[in-house]
$ cat upload_9.cif   # mmCIF, C-alpha atoms
data_run
#
loop_
_atom_site.label_atom_id
_atom_site.label_comp_id
_atom_site.auth_asym_id
_atom_site.auth_seq_id
_atom_site.Cartn_x
_atom_site.Cartn_y
_atom_site.Cartn_z
CA VAL A 6 13.46 -28.74 47.52
CA GLU A 7 12.56 -32.04 45.84
CA SER A 8 9.48 -31.98 43.58
CA ILE A 9 6.05 -32.92 44.93
CA ARG A 10 3.51 -34.99 43.03
CA VAL A 11 -0.21 -34.60 43.60
CA TRP A 12 -2.55 -37.49 42.84
CA TRP A 13 -6.34 -37.58 42.98
CA ILE A 14 -7.41 -40.87 44.58
CA GLY A 15 -11.01 -40.00 45.38
CA GLU A 16 -14.45 -41.27 44.42
CA ARG A 17 -15.80 -38.37 42.37
CA GLN A 18 -13.76 -36.48 39.77
CA PRO A 19 -12.51 -33.16 41.13
CA GLY A 20 -13.01 -29.95 39.20
CA GLU A 21 -9.92 -28.73 37.29
CA ARG A 22 -9.72 -25.77 39.62
CA VAL A 23 -9.26 -28.01 42.68
CA LEU A 24 -5.95 -29.61 41.75
CA GLY A 25 -4.62 -26.37 40.26
CA HIS A 26 -5.44 -24.45 43.43
CA VAL A 27 -3.70 -26.99 45.67
CA CYS A 28 -0.64 -27.12 43.38
CA SER A 29 -0.21 -23.34 43.36
CA HIS A 30 -0.37 -23.24 47.19
CA LEU A 31 2.21 -26.01 47.47
CA GLU A 32 4.53 -24.29 44.99
CA ARG A 33 4.30 -21.03 46.90
CA ALA A 34 4.74 -22.59 50.36
CA PHE A 35 7.68 -24.88 49.55
CA ARG A 36 9.15 -23.15 46.48
CA ALA A 37 9.27 -26.57 44.85
CA PRO A 38 8.04 -27.87 41.49
CA VAL A 39 4.64 -29.57 41.76
CA ALA A 40 3.22 -31.99 39.19
CA VAL A 41 -0.16 -33.73 38.93
CA LEU A 42 -0.09 -37.49 38.42
CA PRO A 43 -2.50 -38.59 35.67
CA GLY A 44 -5.33 -41.05 36.17
CA ALA A 45 -7.32 -41.79 39.28
CA GLU A 46 -6.98 -44.94 41.34
CA ARG A 47 -8.68 -46.10 44.47
CA PRO A 48 -6.48 -47.21 47.39
CA GLU A 49 -6.82 -50.97 47.74
CA GLY A 50 -7.40 -52.59 51.10
CA ALA A 51 -7.83 -49.33 52.97
CA TYR A 52 -11.60 -49.51 53.51
CA ASP A 53 -12.80 -50.50 56.98
CA ALA A 54 -16.28 -52.00 56.65
CA ARG A 55 -16.98 -51.79 60.41
CA ARG A 56 -16.27 -48.07 60.58
CA LYS A 57 -17.43 -47.34 57.03
CA GLN A 58 -14.34 -45.17 56.66
CA TRP A 59 -10.94 -45.36 55.00
CA SER A 60 -7.76 -45.93 56.98
CA SER A 61 -5.38 -43.05 56.22
CA THR A 62 -2.42 -45.09 57.52
CA ARG A 63 -3.18 -47.90 55.05
CA ILE A 64 -3.56 -45.34 52.25
CA LEU A 65 -0.07 -43.99 53.04
CA ALA A 66 1.36 -47.51 52.81
CA TRP A 67 -0.48 -48.01 49.50
CA LEU A 68 0.83 -44.69 48.12
CA VAL A 69 4.44 -45.62 48.95
CA GLN A 70 3.97 -48.99 47.27
CA THR A 71 2.16 -47.66 44.19
CA VAL A 72 4.33 -44.60 43.52
CA PRO A 73 7.86 -46.04 43.52
CA GLU A 74 9.83 -42.87 44.24
CA GLY A 75 9.58 -39.20 45.21
CA ARG A 76 7.13 -37.36 47.43
CA VAL A 77 3.45 -37.86 46.74
CA LEU A 78 0.32 -36.20 48.14
CA GLY A 79 -2.91 -38.15 47.67
CA LEU A 80 -6.08 -36.06 47.52
CA THR A 81 -9.44 -37.68 48.11
CA ASP A 82 -13.07 -37.17 49.04
CA LEU A 83 -13.14 -40.42 51.09
CA ASP A 84 -13.73 -40.17 54.86
CA LEU A 85 -10.41 -40.91 56.60
CA PHE A 86 -9.69 -42.25 60.07
CA ILE A 87 -6.90 -43.49 62.31
CA PRO A 88 -7.77 -46.17 64.92
CA ILE A 89 -7.98 -43.87 67.96
CA LEU A 90 -9.80 -40.95 66.32
CA THR A 91 -13.28 -40.60 64.87
CA PHE A 92 -11.82 -38.97 61.74
CA VAL A 93 -8.77 -37.11 60.40
CA PHE A 94 -8.50 -34.40 57.77
CA GLY A 95 -5.30 -36.03 56.59
CA GLU A 96 -2.17 -37.88 57.57
CA ALA A 97 1.47 -37.86 56.55
CA GLN A 98 4.65 -39.79 57.17
CA VAL A 99 6.81 -37.32 59.12
CA GLY A 100 10.00 -36.98 57.11
CA GLY A 101 8.70 -39.63 54.73
CA ARG A 102 7.39 -39.48 51.21
CA ALA A 103 3.61 -39.93 51.39
CA ALA A 104 0.71 -37.81 52.63
CA VAL A 105 -3.04 -37.84 52.15
CA VAL A 106 -5.75 -35.20 52.62
CA SER A 107 -9.51 -35.57 52.34
CA THR A 108 -12.28 -33.07 51.63
CA ALA A 109 -14.85 -35.29 53.40
CA ARG A 110 -14.83 -33.34 56.69
CA LEU A 111 -13.80 -29.93 55.38
CA GLY A 112 -17.26 -28.69 54.49
CA GLU A 113 -19.91 -27.45 56.88
CA PRO A 114 -22.74 -30.02 57.07
CA GLY A 115 -25.71 -28.52 55.25
CA PHE A 116 -23.77 -25.55 53.88
CA PRO A 117 -21.34 -26.90 51.31
CA ASP A 118 -19.53 -23.78 50.13
CA GLU A 119 -17.08 -24.95 47.49
CA ARG A 120 -14.75 -21.98 47.85
CA VAL A 121 -14.42 -22.48 51.59
CA VAL A 122 -13.73 -26.20 51.15
CA LEU A 123 -11.14 -25.42 48.47
CA GLU A 124 -9.32 -22.98 50.75
CA ARG A 125 -9.33 -25.50 53.61
CA LEU A 126 -8.11 -28.24 51.28
CA ALA A 127 -5.19 -26.06 50.18
CA LYS A 128 -4.24 -25.33 53.81
CA GLU A 129 -4.44 -28.97 54.89
CA SER A 130 -2.43 -30.02 51.83
CA VAL A 131 0.36 -27.59 52.73
CA HIS A 132 0.11 -28.83 56.35
CA GLU A 133 0.50 -32.52 55.48
CA VAL A 134 3.27 -31.87 52.97
CA GLY A 135 4.96 -29.88 55.75
CA HIS A 136 4.94 -33.07 57.86
CA MET A 137 6.41 -34.93 54.89
CA MET A 138 9.20 -32.36 54.92
CA GLY A 139 9.88 -33.21 58.56
CA LEU A 140 7.94 -30.42 60.28
CA LEU A 141 5.96 -31.01 63.47
CA HIS A 142 3.04 -28.91 64.72
CA CYS A 143 3.89 -25.27 65.25
CA GLY A 144 2.64 -22.94 67.97
CA THR A 145 3.18 -19.73 65.99
CA PRO A 146 -0.26 -18.10 65.57
CA GLY A 147 -1.51 -18.36 61.99
CA CYS A 148 1.19 -20.81 60.84
CA VAL A 149 -0.23 -23.48 58.57
CA MET A 150 1.62 -26.11 60.67
CA GLY A 151 -0.64 -25.37 63.66
CA ARG A 152 -2.70 -28.35 64.83
CA SER A 153 -6.20 -28.45 63.31
CA ALA A 154 -8.63 -30.57 65.25
CA SER A 155 -11.67 -28.83 63.73
CA VAL A 156 -12.57 -26.75 60.67
CA ARG A 157 -12.52 -23.68 62.92
CA ASP A 158 -8.82 -24.36 63.56
CA VAL A 159 -8.25 -24.68 59.81
CA ASP A 160 -9.99 -21.36 59.16
CA GLN A 161 -7.86 -19.57 61.72
CA LYS A 162 -4.62 -20.52 59.97
CA ARG A 163 -3.03 -18.91 56.94
CA SER A 164 -2.02 -21.13 54.05
CA GLU A 165 1.67 -20.36 54.56
CA LEU A 166 4.51 -21.53 56.77
CA CYS A 167 5.82 -19.18 59.45
CA ARG A 168 9.39 -18.00 59.09
CA ALA A 169 10.80 -20.63 61.50
CA CYS A 170 9.05 -23.51 59.70
CA HIS A 171 10.19 -22.13 56.38
CA GLU A 172 13.79 -22.04 57.57
CA HIS A 173 13.50 -25.66 58.78
CA VAL A 174 12.30 -26.78 55.37
CA ALA A 175 14.99 -24.73 53.65
CA ARG A 176 17.67 -26.37 55.77
CA GLY A 177 16.08 -29.73 55.04
CA THR A 178 16.10 -30.49 58.72
CA LYS A 179 13.90 -33.14 60.28
CA GLU A 180 14.51 -32.19 63.88
CA ALA A 181 11.51 -31.65 66.13
CA ARG A 182 10.74 -28.17 67.33
CA MET B 16 6.06 -26.19 80.34
CA THR B 17 6.07 -26.58 76.56
CA THR B 18 4.84 -29.69 74.78
CA SER B 19 8.41 -30.80 74.08
CA GLU B 20 9.08 -30.84 77.85
CA THR B 21 5.97 -32.91 78.51
CA ARG B 22 6.66 -36.62 78.83
CA VAL B 23 3.74 -38.84 77.91
CA LEU B 24 3.53 -42.57 78.60
CA ILE B 25 0.94 -44.66 76.72
CA VAL B 26 0.02 -47.97 78.33
CA ASP B 27 -2.12 -50.04 75.95
CA ASP B 28 -2.03 -53.66 74.82
CA GLU B 29 -3.16 -52.78 71.26
CA GLU B 30 -0.17 -51.92 69.11
CA ILE B 31 -2.28 -49.97 66.62
CA VAL B 32 -3.58 -47.72 69.42
CA ARG B 33 -0.06 -47.15 70.78
CA GLU B 34 1.19 -46.27 67.31
CA SER B 35 -1.61 -44.00 66.16
CA LEU B 36 -1.99 -42.20 69.51
CA GLY B 37 1.79 -41.89 69.84
CA GLY B 38 2.12 -40.56 66.30
CA TRP B 39 -0.65 -38.01 66.87
CA LEU B 40 0.96 -36.71 70.07
CA GLU B 41 4.48 -36.70 68.62
CA LYS B 42 3.31 -34.37 65.86
CA ASP B 43 2.33 -31.97 68.65
CA GLY B 44 5.90 -32.15 69.93
CA TYR B 45 5.30 -34.28 73.05
CA PHE B 46 7.95 -36.77 74.12
CA VAL B 47 6.06 -40.06 73.84
CA ALA B 48 6.91 -43.58 74.99
CA SER B 49 4.69 -46.61 75.25
CA ALA B 50 4.31 -49.87 77.12
CA PRO B 51 2.44 -52.94 75.80
CA ASP B 52 0.92 -53.96 79.16
CA GLY B 53 0.32 -52.79 82.71
CA ARG B 54 3.39 -54.47 84.19
CA ALA B 55 5.74 -52.91 81.61
CA GLY B 56 4.05 -49.55 82.21
CA VAL B 57 4.68 -49.73 85.97
CA GLU B 58 8.33 -50.66 85.31
CA ARG B 59 8.71 -47.50 83.22
CA MET B 60 7.13 -45.47 86.03
CA LYS B 61 9.76 -46.82 88.43
CA SER B 62 12.66 -45.82 86.20
CA GLU B 63 11.47 -42.57 84.56
CA GLN B 64 9.45 -39.48 85.39
CA TRP B 65 6.22 -38.85 83.41
CA ASN B 66 3.89 -35.86 83.23
CA VAL B 67 0.92 -37.54 81.57
CA MET B 68 -0.02 -41.21 81.35
CA LEU B 69 -2.68 -42.52 78.97
CA VAL B 70 -3.75 -45.89 80.31
CA ASP B 71 -6.14 -48.37 78.72
CA LEU B 72 -8.68 -49.70 81.21
CA LYS B 73 -9.04 -53.19 79.77
CA MET B 74 -5.76 -55.03 79.49
CA PRO B 75 -4.89 -58.67 80.10
CA GLY B 76 -2.96 -59.25 83.31
CA MET B 77 -2.62 -55.99 85.19
CA ASP B 78 -5.64 -53.85 84.21
CA GLY B 79 -5.92 -50.06 83.98
CA LEU B 80 -7.21 -49.60 87.55
CA GLN B 81 -4.24 -51.50 88.98
CA VAL B 82 -1.88 -49.39 86.85
CA LEU B 83 -3.64 -46.25 88.10
CA ASP B 84 -3.17 -47.40 91.70
CA GLN B 85 0.57 -47.90 91.14
CA ALA B 86 0.84 -44.56 89.31
CA ARG B 87 -0.75 -42.72 92.26
CA LYS B 88 1.87 -44.29 94.57
CA LEU B 89 4.93 -43.98 92.31
CA GLN B 90 4.25 -40.64 90.63
CA PRO B 91 1.46 -38.78 92.44
CA ASP B 92 2.02 -35.55 90.47
CA ALA B 93 1.52 -37.20 87.07
CA ALA B 94 -1.88 -36.90 85.39
CA VAL B 95 -3.42 -40.24 84.49
CA ILE B 96 -6.00 -40.30 81.68
CA MET B 97 -7.95 -43.52 81.26
CA ILE B 98 -8.74 -44.83 77.78
CA THR B 99 -11.93 -46.81 77.55
CA ALA B 100 -14.57 -48.29 75.25
CA TYR B 101 -18.28 -47.48 75.67
CA ALA B 102 -18.84 -50.70 77.59
CA THR B 103 -16.50 -49.65 80.39
CA VAL B 104 -17.49 -46.03 80.99
CA ASP B 105 -18.73 -46.94 84.50
CA THR B 106 -15.28 -48.23 85.33
CA ALA B 107 -13.74 -45.05 83.94
CA VAL B 108 -15.92 -43.00 86.26
CA ARG B 109 -14.73 -45.21 89.14
CA ALA B 110 -11.16 -44.54 88.00
CA MET B 111 -11.82 -40.79 88.26
CA LYS B 112 -12.88 -41.31 91.87
CA LEU B 113 -9.61 -43.17 92.44
CA GLY B 114 -7.59 -40.20 91.18
CA ALA B 115 -7.54 -40.33 87.38
CA ALA B 116 -7.44 -36.86 85.80
CA ASP B 117 -9.99 -37.72 83.09
CA TYR B 118 -11.04 -40.39 80.64
CA LEU B 119 -11.42 -40.73 76.88
CA VAL B 120 -13.87 -43.02 75.08
CA LYS B 121 -12.42 -44.78 72.01
CA PRO B 122 -12.41 -43.59 69.26
CA PHE B 123 -11.89 -39.98 70.39
CA ASP B 124 -12.95 -36.85 68.61
CA PRO B 125 -9.72 -35.07 67.51
CA GLU B 126 -10.81 -31.83 69.17
CA GLU B 127 -11.65 -33.63 72.42
CA LEU B 128 -8.17 -35.18 72.58
CA SER B 129 -6.50 -31.91 71.69
CA LEU B 130 -8.41 -29.90 74.32
CA LEU B 131 -7.92 -32.54 77.02
CA MET B 132 -4.16 -32.63 76.44
CA GLN B 133 -4.00 -28.82 76.56
CA LYS B 134 -5.96 -28.81 79.83
CA VAL B 135 -3.82 -31.51 81.43
CA VAL B 136 -0.55 -29.90 80.32
CA ALA B 137 -1.69 -26.55 81.72
CA GLN B 138 -2.49 -28.27 85.05
CA GLN B 139 0.89 -29.99 85.02
CA HIS B 140 2.52 -26.60 84.45
CA LEU B 141 0.73 -25.25 87.53
CA VAL B 142 1.78 -28.30 89.58
CA ARG B 143 5.42 -27.81 88.57
CA GLU B 144 5.28 -24.07 89.26
CA ASN B 145 3.77 -24.79 92.66
CA VAL B 146 6.60 -27.20 93.54
CA VAL B 147 9.24 -24.64 92.50
CA LEU B 148 7.57 -21.86 94.51
CA ARG B 149 7.20 -24.08 97.58
CA LYS B 150 10.89 -24.95 97.41
CA ALA B 151 11.83 -21.27 97.07
CA LEU B 152 9.62 -20.37 100.03
CA LYS B 153 11.11 -23.14 102.17
CA LYS B 154 14.62 -21.95 101.33
CA GLU B 155 13.76 -18.36 102.25
CA HIS B 156 12.34 -19.45 105.63
CA ARG B 157 15.45 -21.51 106.32
CA PHE B 158 17.69 -18.46 105.84
CA ARG B 159 15.41 -16.21 107.91
CA ASP B 160 15.58 -18.68 110.79
CA LEU B 161 19.38 -18.75 110.48
CA VAL B 162 19.58 -15.00 111.05
CA SER B 163 17.02 -14.76 113.84
CA LYS B 164 18.35 -17.67 115.87
CA SER B 165 22.01 -16.77 115.75
CA PRO B 166 23.13 -15.44 119.14
CA SER B 167 25.93 -13.42 117.54
CA SER B 168 23.77 -11.53 115.08
CA PRO B 169 22.81 -7.94 115.77
CA ARG B 170 19.22 -7.16 116.69
CA TRP B 171 16.66 -4.51 116.06
CA PRO B 172 15.57 -2.59 119.13
CA ARG B 173 12.04 -3.65 120.08
CA ALA B 174 9.57 -0.84 119.45
CA ARG B 175 7.42 -0.05 122.49
CA THR B 176 4.52 1.31 120.47
CA PRO B 177 3.88 0.83 116.77
CA PRO B 178 4.83 4.05 114.97
CA SER B 179 2.23 5.80 112.88
CA SER B 180 2.90 5.96 109.16
CA SER B 181 3.80 9.68 109.29
CA SER B 182 6.13 9.31 112.30
CA ALA B 183 7.75 6.29 110.72
CA ARG B 184 8.57 8.32 107.68
CA ALA B 185 9.94 11.20 109.78
CA ALA B 186 11.96 9.01 112.16
CA PRO B 187 15.74 8.87 111.68
CA ALA B 188 17.29 5.63 110.50
CA ARG B 189 17.67 3.11 113.31
CA ARG B 190 21.12 1.91 114.19
CA TRP B 191 22.22 -1.62 114.91
CA SER B 192 22.86 -2.32 118.57
CA PRO B 193 25.34 -5.00 119.53
CA ALA B 194 24.05 -8.29 120.87
CA PRO B 195 24.50 -8.98 124.61
CA SER B 196 27.68 -10.83 125.43
CA THR B 197 26.27 -13.70 127.51
CA PRO B 198 24.29 -16.50 125.78
CA ARG B 199 21.52 -16.26 128.39
CA ALA B 200 21.05 -12.56 127.83
CA ALA B 201 21.15 -13.15 124.09
CA ALA B 202 18.38 -15.69 124.32
CA ALA B 203 16.27 -13.20 126.23
CA ALA B 204 17.01 -10.28 123.92
CA VAL B 205 16.81 -11.82 120.44
CA PRO B 206 13.19 -12.32 119.45
CA SER B 207 12.18 -15.53 117.81
CA SER B 208 11.19 -15.53 114.18
CA ARG B 209 7.56 -16.01 115.20
CA SER B 210 7.37 -12.98 117.49
CA PRO B 211 5.26 -10.05 116.24
CA ALA B 212 8.30 -7.77 116.32
CA ARG B 213 9.96 -9.82 113.55
CA ARG B 214 6.98 -9.88 111.24
#
$ encode --input "upload_9.cif" --output "structure tokens"
Amino acid sequence: VESIRVWWIGERQPGERVLGHVCSHLERAFRAPVAVLPGAERPEGAYDARRKQWSSTRILAWLVQTVPEGRVLGLTDLDLFIPILTFVFGEAQVGGRAAVVSTARLGEPGFPDERVVLERLAKESVHEVGHMMGLLHCGTPGCVMGRSASVRDVDQKRSELCRACHEHVARGTKEAR
Amino acid sequence: MTTSETRVLIVDDEEIVRESLGGWLEKDGYFVASAPDGRAGVERMKSEQWNVMLVDLKMPGMDGLQVLDQARKLQPDAAVIMITAYATVDTAVRAMKLGAADYLVKPFDPEELSLLMQKVVAQQHLVRENVVLRKALKKEHRFRDLVSKSPSSPRWPRARTPPSSSSARAAPARRWSPAPSTPRAAAAAVPSSRSPARR
């Protein structure tokens, strides 16, 4: 599997543990080399002043433009949205080369437990990179490719792909299941 | 019915809505197509079968209510979900009275959309199952009528008194008796499918 690059594009600096934790989950899930891109940049032109949120679709376009080749996962603490939804945890180009995940909605309001947020971030990162690898949502209970519309859904998943999803990635297939 | 067998049609004049809603549903495995206005949506209803239609209420030209009206005529089994902004919730409620399955206020909460789609797909599954069962039942009745109305088919002797459960168990197996030779006698002897003896 082609290597994956992880890039912090958030407001505040993440702890060292954060990027390391996400990278180790990605390596384990996809058996691919994972590298952290140095520096931190803010996605240009992705802020929507009316919604006071960041457009995940525009961030994907920016990532593709800014990182000239290879697969890249942007990690951020900015609140993401797509036009029809109030928020998203992340977004990815299915079978493409860019994905983004945010921590903004992964914590419980009022009870910010860093370990819980870190675990959820790792799961959502594997999930969005899975889309980048061509996977769609999976109905297998516990598979990380299951749809997560809420943090409860995220907590119910494991951080790994089910066997069928794993085989799809291994075959490099992009077909819908 | 799995999500991949569910055909979803999005009718919305805003390209960004069609794209982001379509992309969201496609990741769930739904087959998704879209139409940029009401007229194009109705054309797609005439040529293809849909399970779920997501229709924007406010569109230039043919609006969501007119599309709903056509959908009820062209594809009465399809579930129509109206998409609306806060300002048009009253109209969405009116749409429900006209036969829409539900409505969503833009922008939707991800969980709300997910749960609504699950609910509608489950209902669609029941509708499809019901159609299949009705067809099977109709077929069975057709064959039963064929046997009971044929003058040449053998008949069961009519029981004078209903046997008790113990005597029924002890009774020897009944034998077929030949049908009477004349059509008139046959008509008198063979009970209709609605007679108590056949039930």
$ residues_around --input "upload_9.cif" --residues "stretch 55-58 of chain A" --least-positions-apart "6" --cutoff "9 Å" --atoms "only C-alpha atoms" --output "list in words"
Leu83, Asp84, Leu85, Phe86 and Phe92 of chain A
$ closest_atom_pairs --input "upload_9.cif" --of "chain A" --to "chain B" --cutoff "7 Å" --atoms "only C-alpha atoms" --output "Markdown table"
| residue | atom | partner | partner_atom | distance |
| --- | --- | --- | --- | --- |
| A:Ile87 | CA | B:Ser35 | CA | 6.6 |
| A:Pro88 | CA | B:Val32 | CA | 6.3 |
| A:Ile89 | CA | B:Pro122 | CA | 4.6 |
| A:Leu90 | CA | B:Phe123 | CA | 4.7 |
| A:Thr91 | CA | B:Asp124 | CA | 5.3 |
| A:Leu141 | CA | B:Lys42 | CA | 4.9 |
| A:His142 | CA | B:Asp43 | CA | 5.0 |
| A:Ala154 | CA | B:Glu126 | CA | 4.7 |
| A:Ser155 | CA | B:Glu126 | CA | 6.3 |
| A:Ala181 | CA | B:Gly44 | CA | 6.8 |
| A:Arg182 | CA | B:Gly44 | CA | 6.8 |
$ residues_around --input "upload_9.cif" --residues "A:Leu111" --least-positions-apart "5" --cutoff "8 Å" --atoms "only C-alpha atoms" --output "list in words"
Phe94, Val122, Arg125, Leu126 and Val156 of chain A
$ closest_residue --input "upload_9.cif" --among "A:Ala97, A:Ala34, A:Ala54, A:Leu166" --to "A:Val69" --atoms "all atoms listed in the file"
A:Ala97
$ residues_around --input "upload_9.cif" --residues "A:Gln70" --least-positions-apart "4" --cutoff "12 Å" --atoms "all atoms listed in the file" --output "MDAnalysis selection string"
chainID A and resid 48:49 63:66 74:75 77 102:103
$ closest_residue --input "upload_9.cif" --among "A:Arg76, A:His30, A:Arg36, A:Arg47" --to "A:Gln18" --atoms "only C-alpha atoms"
A:Arg47
$ atom_distance --input "upload_9.cif" --atom1 "atom CA of A:Gly147" --atom2 "atom CA of A:Ala127"
14.6 Å
$ atom_distance --input "upload_9.cif" --atom1 "atom CA of B:Met132" --atom2 "atom CA of A:Thr108"
26.1 Å
$ resolve_selection --input "upload_9.cif" --expression "the PyMOL selection byres ((chain B and resi 61-70) around 6)" --output "list in words"
Thr21, Arg22, Val23, Leu24, Ile25, Val26, Glu58, Arg59, Met60, Asp71, Gly79, Ala93, Ala94, Val95, Ile96, Met97 and Ile98 of chain B
$ closest_residue --input "upload_9.cif" --among "B:Gln81, B:Leu72, B:Lys88, B:Asp27" --to "B:Asp105" --atoms "only C-alpha atoms"
B:Leu72
$ resolve_selection --input "upload_9.cif" --expression "the PyMOL selection byres ((chain B and resi 28) around 6)" --output "PDB file with C-alpha atoms, keeping the file's coordinate frame"
ATOM      1  CA  ASP B  27      -2.120 -50.040  75.950  1.00  0.00           C
ATOM      2  CA  GLU B  29      -3.160 -52.780  71.260  1.00  0.00           C
ATOM      3  CA  PRO B  51       2.440 -52.940  75.800  1.00  0.00           C
ATOM      4  CA  ASP B  52       0.920 -53.960  79.160  1.00  0.00           C
TER       5      ASP B  52
END
$ resolve_selection --input "upload_9.cif" --expression "the PyMOL selection byres ((chain A and resi 39) around 8)" --output "list in words"
Ser8, Ile9, Arg10, Val11, Cys28, Leu31, Glu32, Ala37, Pro38, Ala40 and Val41 of chain A
$ write_last_selection --input "upload_9.cif" --atoms "C-alpha atoms" --output "CSV table (one decimal), in the coordinates of the input"
chain,number,residue,atom,x,y,z
A,8,SER,CA,9.5,-32.0,43.6
A,9,ILE,CA,6.0,-32.9,44.9
A,10,ARG,CA,3.5,-35.0,43.0
A,11,VAL,CA,-0.2,-34.6,43.6
A,28,CYS,CA,-0.6,-27.1,43.4
A,31,LEU,CA,2.2,-26.0,47.5
A,32,GLU,CA,4.5,-24.3,45.0
A,37,ALA,CA,9.3,-26.6,44.8
A,38,PRO,CA,8.0,-27.9,41.5
A,40,ALA,CA,3.2,-32.0,39.2
A,41,VAL,CA,-0.2,-33.7,38.9
$ residues_around --input "upload_9.cif" --residues "B:Gly37" --least-positions-apart "6" --cutoff "8 Å" --atoms "all atoms listed in the file" --output "ChimeraX atom specification"
/B:25,47-49
